[in-house]
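For reference, query31.tsv (TSV, C-alpha atoms):
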```tsv
chain	number	residue	atom	x	y	z
D	1	MET	CA	-163.51	45.78	-5.51
D	2	LYS	CA	-164.42	45.15	-9.13
D	3	ASN	CA	-163.25	41.58	-8.80
D	4	SER	CA	-165.36	41.05	-5.70
D	5	VAL	CA	-168.46	42.26	-7.54
D	6	ILE	CA	-167.75	39.86	-10.38
D	7	PHE	CA	-167.22	37.04	-7.94
D	8	ILE	CA	-170.50	37.72	-6.15
D	9	ALA	CA	-172.29	37.95	-9.50
D	10	VAL	CA	-170.92	34.58	-10.52
D	11	VAL	CA	-171.95	32.97	-7.24
D	12	VAL	CA	-175.46	34.44	-7.53
D	13	LEU	CA	-175.73	33.21	-11.11
D	14	GLY	CA	-174.50	29.80	-10.01
D	15	ILE	CA	-177.05	29.57	-7.22
D	16	THR	CA	-179.77	30.65	-9.66
D	17	ALA	CA	-178.65	27.87	-12.02
D	18	LEU	CA	-178.80	25.48	-9.09
D	19	LEU	CA	-182.36	26.42	-8.20
D	20	ILE	CA	-183.61	26.45	-11.79
D	21	GLY	CA	-181.80	23.23	-12.60
D	22	GLY	CA	-183.05	21.53	-9.48
D	23	LYS	CA	-186.62	22.62	-10.09
D	24	ARG	CA	-186.53	21.61	-13.73
D	25	PHE	CA	-185.08	18.19	-13.25
D	26	THR	CA	-186.83	17.11	-10.08
D	27	ARG	CA	-190.41	15.97	-10.02
D	28	PRO	CA	-192.46	18.04	-7.56
D	29	PRO	CA	-195.38	16.32	-5.87
D	30	GLN	CA	-198.51	17.65	-7.51
D	31	GLY	CA	-201.13	16.16	-5.26
D	32	GLN	CA	-202.01	15.97	-1.62
D	33	ALA	CA	-202.43	13.05	0.70
D	34	ASN	CA	-205.46	10.99	-0.15
D	35	THR	CA	-207.47	10.90	3.03
D	36	ALA	CA	-209.37	7.81	1.91
D	37	VAL	CA	-206.26	5.65	1.58
D	38	PRO	CA	-203.16	5.04	3.68
D	39	GLY	CA	-200.72	6.18	0.99
D	40	SER	CA	-200.42	9.53	-0.72
D	41	VAL	CA	-200.60	9.97	-4.47
D	42	ALA	CA	-198.74	12.55	-6.47
D	43	GLY	CA	-200.41	13.45	-9.72
D	44	PRO	CA	-203.80	14.68	-10.85
D	45	GLU	CA	-206.08	15.41	-7.93
D	46	ARG	CA	-209.61	14.28	-7.25
D	47	GLY	CA	-212.17	16.47	-8.99
D	48	THR	CA	-209.91	17.11	-11.98
D	49	THR	CA	-210.24	15.54	-15.41
D	50	ALA	CA	-207.88	12.60	-15.87
D	51	PRO	CA	-205.05	13.49	-18.28
D	52	ASP	CA	-205.83	12.02	-21.67
D	53	PHE	CA	-203.43	9.69	-23.45
D	54	THR	CA	-203.26	7.19	-26.25
D	55	LEU	CA	-201.37	3.95	-25.65
D	56	LYS	CA	-200.76	0.72	-27.46
D	57	VAL	CA	-203.06	-2.13	-26.44
D	58	LEU	CA	-201.39	-5.39	-25.43
D	59	ASP	CA	-202.00	-8.35	-27.80
D	60	SER	CA	-203.87	-6.22	-30.32
D	61	HIS	CA	-201.57	-6.02	-33.35
D	62	ASP	CA	-200.56	-2.39	-32.72
D	63	LYS	CA	-204.06	-1.09	-31.96
D	64	THR	CA	-204.19	1.87	-29.61
D	65	MET	CA	-206.67	3.10	-27.03
D	66	GLN	CA	-207.39	6.70	-26.11
D	67	LEU	CA	-208.53	7.19	-22.54
D	68	SER	CA	-211.07	9.84	-23.53
D	69	SER	CA	-212.72	7.32	-25.88
D	70	LEU	CA	-214.09	5.65	-22.73
D	71	LYS	CA	-216.22	8.67	-21.84
D	72	GLY	CA	-219.63	7.43	-20.77
D	73	LYS	CA	-218.10	4.60	-18.74
D	74	ALA	CA	-216.75	4.63	-15.20
D	75	VAL	CA	-213.06	3.78	-15.50
D	76	LEU	CA	-210.68	2.14	-13.07
D	77	LEU	CA	-207.21	3.04	-14.32
D	78	ASN	CA	-204.72	0.67	-12.74
D	79	PHE	CA	-200.97	1.18	-13.21
D	80	TRP	CA	-199.04	-2.02	-12.50
D	81	ALA	CA	-195.93	-4.04	-13.38
D	82	THR	CA	-195.04	-7.73	-13.61
D	83	TRP	CA	-192.38	-7.30	-10.88
D	84	CYS	CA	-194.89	-5.84	-8.45
D	85	GLU	CA	-196.25	-8.45	-6.02
D	86	PRO	CA	-198.98	-6.21	-4.54
D	87	CYS	CA	-200.17	-5.58	-8.13
D	88	LYS	CA	-200.33	-9.32	-8.69
D	89	MET	CA	-202.38	-9.68	-5.51
D	90	GLU	CA	-205.12	-7.30	-6.63
D	91	MET	CA	-205.42	-8.59	-10.20
D	92	PRO	CA	-207.85	-11.43	-9.41
D	93	TRP	CA	-210.00	-8.90	-7.54
D	94	LEU	CA	-210.02	-6.61	-10.55
D	95	VAL	CA	-211.02	-9.52	-12.78
D	96	GLU	CA	-213.99	-10.25	-10.49
D	97	LEU	CA	-214.92	-6.58	-10.16
D	98	GLN	CA	-214.89	-6.18	-13.96
D	99	LYS	CA	-217.30	-9.12	-14.21
D	100	LYS	CA	-219.51	-7.74	-11.43
D	101	TYR	CA	-219.65	-4.08	-12.42
D	102	GLY	CA	-219.00	-4.28	-16.17
D	103	PRO	CA	-222.72	-4.52	-16.94
D	104	GLN	CA	-223.27	-1.29	-14.94
D	105	GLY	CA	-220.75	0.57	-17.05
D	106	LEU	CA	-217.38	-0.07	-15.37
D	107	GLN	CA	-214.33	-0.45	-17.57
D	108	ILE	CA	-211.11	-1.49	-15.88
D	109	VAL	CA	-207.98	-0.53	-17.81
D	110	GLY	CA	-204.55	-1.83	-16.81
D	111	VAL	CA	-201.44	0.10	-17.76
D	112	ALA	CA	-198.26	-1.99	-17.56
D	113	MET	CA	-195.28	0.13	-16.47
D	114	ASP	CA	-192.79	-2.55	-17.32
D	115	ASP	CA	-189.55	-2.99	-19.20
D	116	ALA	CA	-190.05	-6.74	-19.34
D	117	GLY	CA	-191.21	-6.66	-22.97
D	118	GLU	CA	-194.59	-7.24	-24.53
D	119	LYS	CA	-194.37	-11.03	-24.48
D	120	ALA	CA	-193.56	-11.18	-20.77
D	121	ILE	CA	-196.43	-8.79	-19.99
D	122	SER	CA	-198.76	-10.80	-22.21
D	123	ASP	CA	-197.77	-14.13	-20.62
D	124	PHE	CA	-198.22	-12.67	-17.16
D	125	SER	CA	-201.63	-11.18	-18.00
D	126	HIS	CA	-202.83	-14.50	-19.42
D	127	LYS	CA	-201.55	-16.35	-16.37
D	128	MET	CA	-203.50	-13.96	-14.14
D	129	GLY	CA	-206.67	-14.37	-16.27
D	130	VAL	CA	-206.94	-10.63	-16.96
D	131	ASN	CA	-210.29	-9.90	-18.65
D	132	TYR	CA	-209.80	-6.17	-19.27
D	133	PRO	CA	-207.57	-4.29	-21.71
D	134	VAL	CA	-203.94	-3.84	-20.78
D	135	LEU	CA	-202.07	-0.89	-22.26
D	136	LEU	CA	-198.31	-0.55	-22.58
D	137	GLY	CA	-197.32	2.41	-20.42
D	138	THR	CA	-194.72	5.04	-21.23
D	139	GLU	CA	-192.63	7.49	-19.20
D	140	LYS	CA	-194.66	10.34	-20.66
D	141	VAL	CA	-197.90	8.91	-19.30
D	142	ALA	CA	-196.20	8.17	-15.96
D	143	ASP	CA	-195.21	11.85	-15.74
D	144	MET	CA	-198.79	12.89	-16.53
D	145	TYR	CA	-199.95	10.83	-13.55
D	146	GLY	CA	-197.41	12.15	-11.04
D	147	GLY	CA	-194.40	9.98	-11.82
D	148	LEU	CA	-195.88	6.71	-10.57
D	149	ASP	CA	-192.97	6.04	-8.26
D	150	GLY	CA	-194.93	3.38	-6.39
D	151	LEU	CA	-197.11	0.63	-7.85
D	152	PRO	CA	-199.90	-0.23	-7.93
D	153	THR	CA	-201.38	3.22	-8.41
D	154	THR	CA	-205.06	3.40	-9.26
D	155	PHE	CA	-207.31	6.23	-10.39
D	156	PHE	CA	-211.09	5.93	-10.39
D	157	LEU	CA	-212.85	8.04	-13.03
D	158	ASP	CA	-216.51	8.84	-13.42
D	159	ARG	CA	-218.33	8.66	-16.74
D	160	ASN	CA	-217.15	12.17	-17.57
D	161	GLY	CA	-213.50	11.28	-17.12
D	162	LYS	CA	-213.25	13.12	-13.80
D	163	ILE	CA	-211.10	11.59	-11.04
D	164	VAL	CA	-213.33	10.66	-8.09
D	165	ASP	CA	-210.78	8.66	-6.10
D	166	ARG	CA	-207.22	7.43	-6.26
D	167	ALA	CA	-205.02	5.00	-4.38
D	168	LEU	CA	-201.30	4.43	-4.02
D	169	GLY	CA	-200.40	0.90	-3.10
D	170	LEU	CA	-202.52	-2.13	-2.53
D	171	GLU	CA	-205.96	-1.49	-1.10
D	172	SER	CA	-208.36	-4.08	0.25
D	173	GLU	CA	-210.86	-5.45	-2.24
D	174	SER	CA	-213.69	-3.80	-0.31
D	175	LEU	CA	-212.03	-0.37	-0.50
D	176	ILE	CA	-211.51	-0.80	-4.24
D	177	GLU	CA	-215.15	-1.80	-4.58
D	178	ASP	CA	-216.23	1.25	-2.57
D	179	SER	CA	-214.29	3.51	-4.93
D	180	ILE	CA	-215.85	1.77	-7.93
D	181	LYS	CA	-219.32	2.35	-6.49
D	182	LYS	CA	-218.39	5.98	-5.89
D	183	SER	CA	-217.22	6.22	-9.46
D	184	LEU	CA	-220.43	4.71	-10.80
D	185	GLY	CA	-222.65	6.57	-8.30
D	186	GLU	CA	-221.16	9.99	-8.80
D	187	ALA	CA	-221.40	9.40	-12.51
D	188	ALA	CA	-225.12	8.71	-12.15
D	189	ALA	CA	-225.56	11.85	-10.03
D	190	SER	CA	-223.69	14.07	-12.46
D	191	THR	CA	-225.67	12.61	-15.38
D	192	ALA	CA	-228.92	13.39	-13.54
D	193	SER	CA	-227.84	16.93	-12.75
D	194	ALA	CA	-226.84	17.46	-16.40
D	195	LYS	CA	-230.39	16.61	-17.41
Y	196	MET	CA	-155.66	35.23	-11.51
Y	197	LYS	CA	-156.66	34.54	-7.92
Y	198	THR	CA	-160.10	36.08	-8.52
Y	199	ASN	CA	-160.63	33.96	-11.62
Y	200	PHE	CA	-159.91	30.90	-9.56
Y	201	TRP	CA	-162.56	31.78	-6.98
Y	202	MET	CA	-165.05	32.66	-9.72
Y	203	LEU	CA	-164.57	29.29	-11.35
Y	204	LEU	CA	-164.69	27.51	-8.02
Y	205	GLY	CA	-167.96	29.21	-7.08
Y	206	LEU	CA	-169.56	28.39	-10.40
Y	207	ALA	CA	-168.36	24.80	-10.32
Y	208	LEU	CA	-169.66	24.28	-6.78
Y	209	ALA	CA	-173.04	25.74	-7.63
Y	210	LEU	CA	-173.42	23.71	-10.81
Y	211	SER	CA	-172.28	20.48	-9.22
Y	212	ALA	CA	-174.73	20.98	-6.35
Y	213	GLY	CA	-177.50	21.59	-8.89
Y	214	VAL	CA	-176.63	18.47	-10.84
Y	215	ALA	CA	-176.44	16.42	-7.64
Y	216	ARG	CA	-179.84	17.69	-6.52
Y	217	ALA	CA	-181.33	17.03	-9.95
Y	218	GLN	CA	-179.97	13.49	-10.01
Y	219	GLN	CA	-181.30	12.70	-6.54
Y	220	GLY	CA	-184.80	13.93	-7.37
Y	221	ASP	CA	-187.42	13.94	-4.65
Y	222	VAL	CA	-187.40	10.20	-4.15
Y	223	PRO	CA	-185.10	9.09	-1.35
Y	224	ALA	CA	-182.90	6.07	-2.07
Y	225	LYS	CA	-184.21	2.79	-0.69
Y	226	VAL	CA	-180.72	1.27	-0.65
Y	227	THR	CA	-177.34	2.80	0.18
Y	228	ALA	CA	-173.82	1.39	-0.14
Y	229	ASP	CA	-170.81	1.55	2.13
Y	230	SER	CA	-167.65	2.73	0.44
Y	231	VAL	CA	-165.28	-0.10	-0.48
Y	232	ASP	CA	-161.74	0.11	0.84
Y	233	PRO	CA	-159.03	0.18	-1.83
Y	234	ILE	CA	-157.63	-3.27	-2.52
Y	235	THR	CA	-154.22	-4.46	-3.57
Y	236	VAL	CA	-153.75	-7.67	-5.52
Y	237	ARG	CA	-150.61	-9.28	-6.82
Y	238	ILE	CA	-150.46	-10.43	-10.43
Y	239	GLY	CA	-151.62	-14.02	-10.63
Y	240	HIS	CA	-153.33	-13.82	-7.26
Y	241	SER	CA	-156.70	-12.92	-5.82
Y	242	VAL	CA	-158.01	-11.07	-2.78
Y	243	PRO	CA	-161.42	-11.16	-1.12
Y	244	VAL	CA	-163.66	-8.14	-1.56
Y	245	GLN	CA	-166.77	-7.33	0.42
Y	246	PHE	CA	-169.63	-5.03	-0.54
Y	247	THR	CA	-172.06	-3.86	2.11
Y	248	PHE	CA	-175.45	-2.37	1.36
Y	249	HIS	CA	-178.19	-1.11	3.63
Y	250	VAL	CA	-181.88	-1.44	2.82
Y	251	LYS	CA	-183.83	1.40	4.38
Y	252	PRO	CA	-186.10	0.34	7.29
Y	253	GLY	CA	-189.62	-0.46	6.12
Y	254	PHE	CA	-188.42	-1.62	2.69
Y	255	HIS	CA	-187.19	-4.90	1.26
Y	256	ILE	CA	-185.54	-5.91	-2.00
Y	257	ASN	CA	-185.69	-9.23	-3.80
Y	258	SER	CA	-182.85	-11.62	-3.01
Y	259	HIS	CA	-180.42	-12.77	-5.70
Y	260	GLN	CA	-182.74	-15.73	-6.24
Y	261	PRO	CA	-186.28	-14.38	-5.93
Y	262	SER	CA	-189.31	-16.55	-5.36
Y	263	ALA	CA	-190.92	-15.99	-8.77
Y	264	PRO	CA	-189.44	-15.65	-12.26
Y	265	GLU	CA	-191.01	-12.24	-12.91
Y	266	LEU	CA	-189.40	-10.73	-9.80
Y	267	ILE	CA	-186.20	-8.81	-10.40
Y	268	PRO	CA	-183.16	-10.32	-8.64
Y	269	THR	CA	-180.65	-8.22	-6.75
Y	270	GLN	CA	-177.46	-8.31	-8.74
Y	271	LEU	CA	-174.06	-6.68	-8.48
Y	272	MET	CA	-172.59	-5.92	-11.89
Y	273	PHE	CA	-169.02	-4.87	-12.57
Y	274	TYR	CA	-167.51	-2.85	-15.39
Y	275	LEU	CA	-163.99	-4.19	-15.24
Y	276	PRO	CA	-160.74	-3.28	-16.87
Y	277	GLU	CA	-159.57	-6.20	-18.99
Y	278	ASP	CA	-156.81	-7.17	-16.59
Y	279	LEU	CA	-159.07	-7.82	-13.65
Y	280	VAL	CA	-161.76	-10.41	-12.92
Y	281	MET	CA	-164.39	-10.46	-10.17
Y	282	ALA	CA	-165.24	-14.05	-9.36
Y	283	LYS	CA	-166.87	-16.39	-6.83
Y	284	MET	CA	-169.57	-13.87	-6.02
Y	285	GLU	CA	-171.47	-14.96	-2.92
Y	286	TYR	CA	-174.86	-13.44	-2.29
Y	287	PRO	CA	-176.54	-13.99	1.06
Y	288	ALA	CA	-179.53	-16.32	1.13
Y	289	GLY	CA	-182.79	-14.43	1.00
Y	290	LYS	CA	-184.99	-14.47	4.07
Y	291	LEU	CA	-188.35	-16.07	3.32
Y	292	THR	CA	-190.84	-13.48	4.48
Y	293	SER	CA	-194.57	-12.96	4.07
Y	294	PHE	CA	-195.99	-9.46	3.73
Y	295	PRO	CA	-199.38	-7.91	4.51
Y	296	PHE	CA	-200.21	-7.71	0.78
Y	297	ASP	CA	-200.12	-11.52	0.62
Y	298	PRO	CA	-199.76	-13.24	4.01
Y	299	SER	CA	-200.07	-16.70	2.40
Y	300	THR	CA	-196.94	-16.32	0.26
Y	301	LYS	CA	-193.35	-16.11	1.39
Y	302	LEU	CA	-190.92	-14.13	-0.73
Y	303	SER	CA	-187.14	-14.44	-0.72
Y	304	VAL	CA	-185.97	-10.96	0.21
Y	305	TYR	CA	-183.19	-8.91	1.73
Y	306	SER	CA	-183.76	-6.25	4.34
Y	307	GLY	CA	-181.43	-4.37	6.68
Y	308	ASP	CA	-177.73	-4.97	5.95
Y	309	VAL	CA	-176.78	-6.97	2.89
Y	310	VAL	CA	-173.21	-8.20	2.42
Y	311	ILE	CA	-172.08	-9.54	-0.93
Y	312	ARG	CA	-168.66	-11.16	-1.13
Y	313	GLY	CA	-166.37	-12.07	-3.99
Y	314	ILE	CA	-162.74	-12.15	-5.04
Y	315	ALA	CA	-160.79	-9.80	-7.26
Y	316	LEU	CA	-158.42	-11.79	-9.43
Y	317	ALA	CA	-155.49	-10.32	-11.34
Y	318	SER	CA	-154.64	-12.83	-14.04
Y	319	SER	CA	-151.06	-13.75	-14.81
Y	320	LYS	CA	-151.33	-11.56	-17.92
Y	321	SER	CA	-152.30	-8.51	-15.88
Y	322	ALA	CA	-150.32	-5.33	-15.98
Y	323	ALA	CA	-149.31	-3.71	-12.73
Y	324	GLY	CA	-151.03	-0.42	-12.10
Y	325	ARG	CA	-153.85	1.40	-10.40
Y	326	TYR	CA	-157.42	0.90	-11.53
Y	327	THR	CA	-160.80	2.30	-10.58
Y	328	VAL	CA	-163.49	-0.33	-10.90
Y	329	HIS	CA	-167.06	0.82	-11.44
Y	330	ALA	CA	-169.99	-1.33	-10.39
Y	331	GLU	CA	-173.77	-1.17	-10.06
Y	332	LEU	CA	-176.15	-2.84	-7.67
Y	333	LYS	CA	-179.36	-3.57	-9.53
Y	334	TYR	CA	-182.33	-3.92	-7.18
Y	335	GLN	CA	-186.06	-3.50	-6.98
Y	336	ALA	CA	-187.57	-2.41	-3.70
Y	337	CYS	CA	-191.01	-2.72	-2.14
Y	338	ASP	CA	-192.63	-1.80	1.14
Y	339	ASN	CA	-195.67	-3.37	2.73
Y	340	ASN	CA	-198.13	-2.30	0.04
Y	341	SER	CA	-196.22	-0.76	-2.88
Y	342	CYS	CA	-193.34	-1.65	-5.17
Y	343	TYR	CA	-190.91	0.79	-6.72
Y	344	PRO	CA	-189.25	0.73	-10.14
Y	345	PRO	CA	-185.95	-1.12	-10.52
Y	346	LYS	CA	-182.93	1.02	-9.67
Y	347	LYS	CA	-179.19	0.88	-10.22
Y	348	LEU	CA	-176.97	2.02	-7.38
Y	349	PRO	CA	-173.53	2.98	-8.71
Y	350	LEU	CA	-170.36	2.45	-6.73
Y	351	ALA	CA	-166.63	2.46	-7.42
Y	352	PHE	CA	-163.50	1.21	-5.75
Y	353	ASP	CA	-159.77	1.40	-6.36
Y	354	VAL	CA	-157.64	-1.61	-7.15
Y	355	LYS	CA	-153.86	-1.67	-7.21
Y	356	ILE	CA	-152.28	-4.52	-9.14
Y	357	THR	CA	-148.73	-5.14	-8.08
Y	358	GLU	CA	-145.90	-7.20	-9.52
Y	359	GLY	CA	-146.01	-10.81	-8.39
Y	360	THR	CA	-143.76	-13.76	-8.71
Y	361	THR	CA	-145.20	-14.64	-12.11
Y	362	THR	CA	-144.12	-12.99	-15.34
Y	363	SER	CA	-146.06	-9.90	-16.10
Y	364	ARG	CA	-146.52	-7.42	-18.88
Y	365	ARG	CA	-145.16	-3.92	-18.54
Y	366	ALA	CA	-146.66	-1.82	-15.82
Y	367	ARG	CA	-149.60	0.41	-16.64
Y	368	PRO	CA	-149.62	3.73	-14.79
Y	369	ASN	CA	-153.37	4.15	-14.41
Y	370	ALA	CA	-156.51	2.68	-15.87
Y	371	GLN	CA	-160.24	2.75	-15.29
Y	372	SER	CA	-163.13	0.51	-16.03
Y	373	PRO	CA	-165.76	2.01	-18.32
Y	374	HIS	CA	-167.82	4.69	-16.64
Y	375	ILE	CA	-171.45	4.01	-16.12
Y	376	HIS	CA	-174.01	6.30	-17.62
Y	377	ASN	CA	-177.52	6.02	-16.31
```
Show the structure stored in the file as structure tokens.
Amino acid sequence: MKNSVIFIAVVVLGITALLIGGKRFTRPPQGQANTAVPGSVAGPERGTTAPDFTLKVLDSHDKTMQLSSLKGKAVLLNFWATWCEPCKMEMPWLVELQKKYGPQGLQIVGVAMDDAGEKAISDFSHKMGVNYPVLLGTEKVADMYGGLDGLPTTFFLDRNGKIVDRALGLESESLIEDSIKKSLGEAAASTASAK
Amino acid sequence: MKTNFWMLLGLALALSAGVARAQQGDVPAKVTADSVDPITVRIGHSVPVQFTFHVKPGFHINSHQPSAPELIPTQLMFYLPEDLVMAKMEYPAGKLTSFPFDPSTKLSVYSGDVVIRGIALASSKSAAGRYTVHAELKYQACDNNSCYPPKKLPLAFDVKITEGTTTSRRARPNAQSPHIHN
């Protein structure tokens, strides 16, 4: 009888370890399906403030950029990698959109989630004519943004750093532009209401 | 004594299930591997070996020779004991395919079943014995509008090296290639 109790206790403890271990080491989805886009995005949800981070800027002699330092601008935060063909496809669009909406206060920021090394990322960015800052991503930042299992993943922030839209996977240029307008427009509205 | 055994068994099962669940995470594998039948090779000889992988429907992986230098090739890597060589690896040709994210470009990819062939060669200096060979398939998968980080799919197979007609060193009872730690 005593042995049976011990056995059951051990099994219960084991199952508890299983559940705790599983929960600790797996990455639960934190977001819900984005109704505006075909894919779903795990990570910070729309309406929340984008998690702040500081990352090294590509080709800048070890300079860093803090996301929150861009407050006052609408930000398109684009996570990408050199091995990601859909990311490559949208880069020329982002270059054009930066030119078009930069004067209105848009700042596109690329975050390279790549093990290829700084030189490979730099060469690739130059080849693609990237005209916006590219940061060197880390696992920690990936975790802050839901794990970033699929690329590209893009977050659109208003001038207050609040997420107004997000997209997993390649979107059409017009959908990206719509989200940028939303980002700039909502920013204008929230600025007006603050006054 | 008997109770201790069951206690240990219960704990071990629970912990191993937890570790397995933790390692799998929430992201389902895009590629799976068939188990490789044990092979027997005589010293100084070789035998063909076949590795079969399955790419999940809706996904593709780059071929062994992708269309662009920045794309990550599919590659089978072996961690071999010193007495064994894997040679003449034959990867299937990639299928040139265009995808919705860029209909104007064709990429060299694998989808569905992927069979990689090679030979296991026991050199004339090999020692007879049983070996477990560890290997990894390195791949990077995409679907129609997203790409996923490079992964390594581990696999292992048993090799028995037997005495041949050539002179051999003394038999080795059991050996393993280095284990892979991700």
Minimum-distance residue to chain D, chosen among Y:Ser293, Y:Thr247, Y:Thr357, Y:Thr227 (using only C-alpha atoms):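 Residue with the minimum atom-to-atom distance to chain D: Y:Ser293.
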Ser318 in chain Y surroundings by only C-alpha atoms, 7 Å radius, close-in-sequence under 4 positions cut, as an MDAnalysis selection string: chainID Y and resid 238:240 278:279
Close residues, Val95 in chain D itself excluded, 8 Å, all atoms listed in the file, min 5 positions apart in chain, as number ranges by chain: D: 129-132
Nearest-residue call for chain Y, choices D:Arg166, D:His61, D:Lys181, D:Lys88, using only C-alpha atoms: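 Using only C-alpha atoms, the shortest distance to chain Y belongs to D:Lys88.
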7 Å contact set for Ser306 in chain Y, only C-alpha atoms, chain neighbours under 2 positions out, as a PyMOL selection string: chain Y and resi 250+254-256+304+308
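Note that CA of Gln98 in chain D and CA of Glu265 in chain Y are 24.7 Å apart.
Nearest residue to Pro268 in chain Y, choosing from Y:Thr292, Y:Ser241, Y:Thr327, Y:Gln335 and counting all atoms listed in the file: Y:Gln335.
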